[in-house]
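Colleague: The structure that follows is given in the form of structure tokens.
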Amino acid sequence: QVQVAESGGGLVQPGGSLRISCATTEWTFGYYDVGWFRQAPGKEREGILCSSRHGGMNYGDNVSDSVKGRFTVSRDMAKRTVYLQMNSLTSEDTATYYCAALLSLSNTCTVSATQVMYWGEGTQVTVSS
């Protein structure tokens, strides 16, 4: 069964850090890549980065250098969970964050909505003082 579920969102002060989780099933963790997306109010959903089931990660094509230096992903095989670690958060990072099961086509992952097989419901991250 393909399934993902986000958790861990909340309110964080500017400059703070937050780690959000994407819990998956054994099937999802073993056969799919996992991607993180976000959607800010009034903006389109964007792909941030992905975690390959083979190991490794990639950022989305349009991700800024600022995000690349602050966001990273990790996997816990025992918990079948993929984490998004976000540091030095700013108000620009306020958004609903979604994880998704991505079709795995190679040894590397691509964070693209066209490869999403299953969306999570999202978790809200608000950066505000």
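Labels for the structure tokens follow display order: chains A, B, ..., residues from 1 in each chain, ligands from 1.
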Tell me which protein, DNA and RNA residues are within 9 Å of Thr28 in chain A, counting only C-alpha atoms, leaving out same-chain ones fewer than 2 positions away, and put them as JSON, numbers by chain.

Modeller: {"A": [1, 2, 3, 4, 24, 25, 26, 30, 31, 32, 33, 34, 80, 101]}

Colleague: With N, CA and C atoms retained, export the selected residues as a compact mmCIF listing (two decimals), in the first residue's frame.

Modeller:
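Wrote it out as selection30.txt, contents follow:
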```txt
# COMPACT_ATOMS: atom_id res chain seq x y z
N GLN A 1 0.85 -1.19 0.00
CA GLN A 1 0.00 0.00 0.00
C GLN A 1 0.89 1.24 0.00
N VAL A 2 0.58 2.16 -0.90
CA VAL A 2 1.34 3.41 -0.98
C VAL A 2 0.67 4.43 -0.06
N GLN A 3 1.42 4.92 0.88
CA GLN A 3 0.85 5.87 1.82
C GLN A 3 1.93 6.71 2.46
N VAL A 4 1.66 7.99 2.64
CA VAL A 4 2.55 8.89 3.35
C VAL A 4 1.71 9.79 4.24
N THR A 24 5.86 6.60 6.30
CA THR A 24 5.43 5.83 5.14
C THR A 24 5.17 4.38 5.56
N THR A 25 4.72 3.61 4.60
CA THR A 25 4.55 2.18 4.81
C THR A 25 5.83 1.47 4.35
N GLU A 26 5.94 0.21 4.71
CA GLU A 26 7.11 -0.57 4.30
C GLU A 26 7.21 -0.60 2.78
N GLY A 30 10.24 1.21 0.56
CA GLY A 30 11.14 0.35 -0.19
C GLY A 30 11.10 0.52 -1.69
N TYR A 31 9.99 1.00 -2.22
CA TYR A 31 9.83 1.01 -3.67
C TYR A 31 9.62 2.40 -4.27
N TYR A 32 9.50 3.41 -3.45
CA TYR A 32 9.25 4.75 -3.96
C TYR A 32 10.29 5.73 -3.39
N ASP A 33 10.55 6.75 -4.17
CA ASP A 33 11.27 7.89 -3.63
C ASP A 33 10.26 8.75 -2.86
N VAL A 34 10.76 9.62 -2.01
CA VAL A 34 9.87 10.50 -1.25
C VAL A 34 10.28 11.95 -1.51
N ARG A 80 10.77 3.81 8.89
CA ARG A 80 10.19 4.06 7.56
C ARG A 80 9.71 5.50 7.46
N ALA A 101 4.87 10.31 -2.27
CA ALA A 101 5.56 9.14 -2.80
C ALA A 101 5.78 9.38 -4.29
```

Colleague: Please identify which residues in chain A DSSP calls helix (DSSP H, G or I) from the backbone, and express them as a list in words.

Modeller: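 In chain A, DSSP puts these residues in helix (DSSP H, G or I): Glu26, Trp27, Thr28, Phe29, Gly30, Tyr31, Asp65, Ser66, Val67, Lys68, Ser91, Glu92, Asp93, Ala113, Thr114 and Gln115 of chain A.
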
Colleague: Given the selection you just returned, output its residues as a file containing N, CA, C and O atoms, formatted as a CSV table (one decimal), in the first residue's frame.

Modeller:
```csv
chain,number,residue,atom,x,y,z
A,26,GLU,N,5.9,0.2,4.7
A,26,GLU,CA,7.1,-0.6,4.3
A,26,GLU,C,7.2,-0.6,2.8
A,26,GLU,O,8.3,-0.5,2.2
A,27,TRP,N,6.1,-0.8,2.1
A,27,TRP,CA,6.0,-0.8,0.7
A,27,TRP,C,6.5,0.5,0.1
A,27,TRP,O,7.3,0.6,-0.8
A,28,THR,N,6.0,1.6,0.6
A,28,THR,CA,6.3,2.9,0.1
A,28,THR,C,7.8,3.2,0.3
A,28,THR,O,8.5,3.7,-0.6
A,29,PHE,N,8.3,2.9,1.5
A,29,PHE,CA,9.7,3.2,1.8
A,29,PHE,C,10.6,2.4,0.9
A,29,PHE,O,11.7,2.9,0.5
A,30,GLY,N,10.2,1.2,0.6
A,30,GLY,CA,11.1,0.3,-0.2
A,30,GLY,C,11.1,0.5,-1.7
A,30,GLY,O,12.1,0.3,-2.4
A,31,TYR,N,10.0,1.0,-2.2
A,31,TYR,CA,9.8,1.0,-3.7
A,31,TYR,C,9.6,2.4,-4.3
A,31,TYR,O,9.6,2.5,-5.5
A,65,ASP,N,19.3,29.0,-3.9
A,65,ASP,CA,20.5,28.6,-3.1
A,65,ASP,C,20.3,28.8,-1.6
A,65,ASP,O,20.9,28.0,-0.8
A,66,SER,N,19.4,29.7,-1.3
A,66,SER,CA,19.1,29.9,0.2
A,66,SER,C,18.5,28.7,0.8
A,66,SER,O,18.9,28.3,1.9
A,67,VAL,N,17.6,28.1,0.0
A,67,VAL,CA,16.9,26.9,0.5
A,67,VAL,C,17.9,25.8,0.5
A,67,VAL,O,17.9,25.0,1.5
A,68,LYS,N,18.7,25.6,-0.5
A,68,LYS,CA,19.6,24.5,-0.6
A,68,LYS,C,20.6,24.6,0.6
A,68,LYS,O,21.1,23.5,1.1
A,91,SER,N,10.1,34.2,7.3
A,91,SER,CA,8.7,34.2,7.0
A,91,SER,C,8.4,33.7,5.6
A,91,SER,O,7.3,33.3,5.3
A,92,GLU,N,9.4,33.8,4.7
A,92,GLU,CA,9.2,33.3,3.4
A,92,GLU,C,9.0,31.8,3.3
A,92,GLU,O,8.6,31.2,2.3
A,93,ASP,N,9.4,31.1,4.4
A,93,ASP,CA,9.2,29.7,4.5
A,93,ASP,C,7.8,29.2,5.0
A,93,ASP,O,7.5,28.0,5.0
A,113,ALA,N,6.0,17.1,-9.5
A,113,ALA,CA,4.6,16.7,-9.3
A,113,ALA,C,4.2,15.7,-10.3
A,113,ALA,O,3.2,14.9,-10.1
A,114,THR,N,4.8,15.6,-11.5
A,114,THR,CA,4.4,14.7,-12.5
A,114,THR,C,4.8,13.2,-12.1
A,114,THR,O,4.3,12.3,-12.7
A,115,GLN,N,5.6,13.1,-11.1
A,115,GLN,CA,6.0,11.7,-10.7
A,115,GLN,C,5.4,11.3,-9.3
A,115,GLN,O,5.7,10.3,-8.8
```

Colleague: Could you check the closest approach to Val111 in chain A for each of A:Gly60, A:Leu84, A:Ala78, A:Tyr97 and tell me which residue wins, using only C-alpha atoms?

Modeller: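 Ranking A:Gly60, A:Leu84, A:Ala78, A:Tyr97 by distance to Val111 in chain A, first place goes to A:Gly60.
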
Colleague: Can you tell me, as number ranges by chain, which residues in chain A count as strand (DSSP E) by DSSP?

Modeller: A: 4-7, 10-12, 18-24, 33-39, 46-51, 57-59, 71-76, 81-86, 95-102, 116-119, 123-127

Colleague: Just the selected residues (C-alpha atoms), exported as a CSV table (one decimal), in the first residue's frame, please.

Modeller:
```csv
chain,number,residue,atom,x,y,z
A,4,VAL,CA,2.6,8.9,3.3
A,5,ALA,CA,1.6,11.1,6.2
A,6,GLU,CA,3.2,14.3,7.4
A,7,SER,CA,3.6,15.5,11.0
A,10,GLY,CA,3.8,24.3,13.8
A,11,LEU,CA,4.7,27.8,14.7
A,12,VAL,CA,8.4,28.7,14.8
A,18,LEU,CA,12.1,22.7,12.6
A,19,ARG,CA,12.1,19.1,11.6
A,20,ILE,CA,9.0,17.6,10.0
A,21,SER,CA,8.3,14.0,9.3
A,22,CYS,CA,6.9,11.9,6.6
A,23,ALA,CA,5.8,8.5,7.8
A,24,THR,CA,5.4,5.8,5.1
A,33,ASP,CA,11.3,7.9,-3.6
A,34,VAL,CA,9.9,10.5,-1.3
A,35,GLY,CA,9.6,14.1,-2.1
A,36,TRP,CA,8.9,17.3,-0.2
A,37,PHE,CA,6.8,20.1,-1.6
A,38,ARG,CA,5.4,23.3,-0.2
A,39,GLN,CA,2.7,25.7,-1.1
A,46,GLU,CA,6.8,23.8,-5.5
A,47,GLY,CA,9.1,20.9,-5.2
A,48,ILE,CA,11.8,21.4,-2.6
A,49,LEU,CA,13.8,18.2,-2.5
A,50,CYS,CA,13.6,14.4,-2.7
A,51,SER,CA,15.1,11.4,-1.0
A,57,MET,CA,18.9,13.4,-2.4
A,58,ASN,CA,18.2,16.1,-5.0
A,59,TYR,CA,16.8,19.6,-4.9
A,71,PHE,CA,17.0,22.4,4.0
A,72,THR,CA,18.1,18.9,4.0
A,73,VAL,CA,16.5,15.4,4.1
A,74,SER,CA,17.2,12.2,6.0
A,75,ARG,CA,15.7,8.7,6.2
A,76,ASP,CA,15.2,6.4,9.1
A,81,THR,CA,10.2,7.8,8.0
A,82,VAL,CA,11.7,10.6,5.9
A,83,TYR,CA,12.5,13.9,7.6
A,84,LEU,CA,12.8,17.4,6.3
A,85,GLN,CA,15.2,19.5,8.4
A,86,MET,CA,14.7,23.2,8.0
A,95,ALA,CA,3.7,27.3,3.8
A,96,THR,CA,1.9,24.1,3.9
A,97,TYR,CA,4.4,21.3,3.5
A,98,TYR,CA,3.5,18.1,1.7
A,99,CYS,CA,5.4,14.9,1.3
A,100,ALA,CA,4.7,12.6,-1.6
A,101,ALA,CA,5.6,9.1,-2.8
A,102,LEU,CA,7.4,9.6,-6.1
A,116,VAL,CA,3.8,11.9,-7.6
A,117,MET,CA,2.0,8.7,-7.0
A,118,TYR,CA,0.5,9.6,-3.6
A,119,TRP,CA,0.2,12.9,-1.8
A,123,THR,CA,1.4,20.0,7.6
A,124,GLN,CA,1.3,23.8,8.2
A,125,VAL,CA,4.6,25.6,9.0
A,126,THR,CA,4.3,29.2,10.1
A,127,VAL,CA,7.3,31.3,10.8
```

Colleague: I'd like the interatomic distance between CA of Arg53 in chain A and CA of Lys79 in chain A, to a tenth of an Å.

Modeller: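 Atom-to-atom, CA of Arg53 in chain A to CA of Lys79 in chain A, that is 14.1 Å.
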
Colleague: Counting only C-alpha atoms, which of A:Pro41, A:Pro14, A:Gly9, A:Gly56 gets nearest to Ser106 in chain A?

Modeller: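 For Ser106 in chain A, the nearest of the candidates is A:Gly56.
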
Colleague: Select, from A:Arg45, A:Ser17, A:Gly8, A:Ser129, the residue with the minimum atom-to-atom distance to Arg70 in chain A, counting only C-alpha atoms.

Modeller: A:Ser17

Colleague: At what distance in Å, to one decimal, does CA of Gly15 in chain A lie from CA of Lys43 in chain A?

Modeller: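 Those two atoms sit 22.6 Å apart.
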
Colleague: So how many Å separate CA of Ala40 in chain A and CA of Gly122 in chain A, to one decimal?

Modeller: 11.8 Å
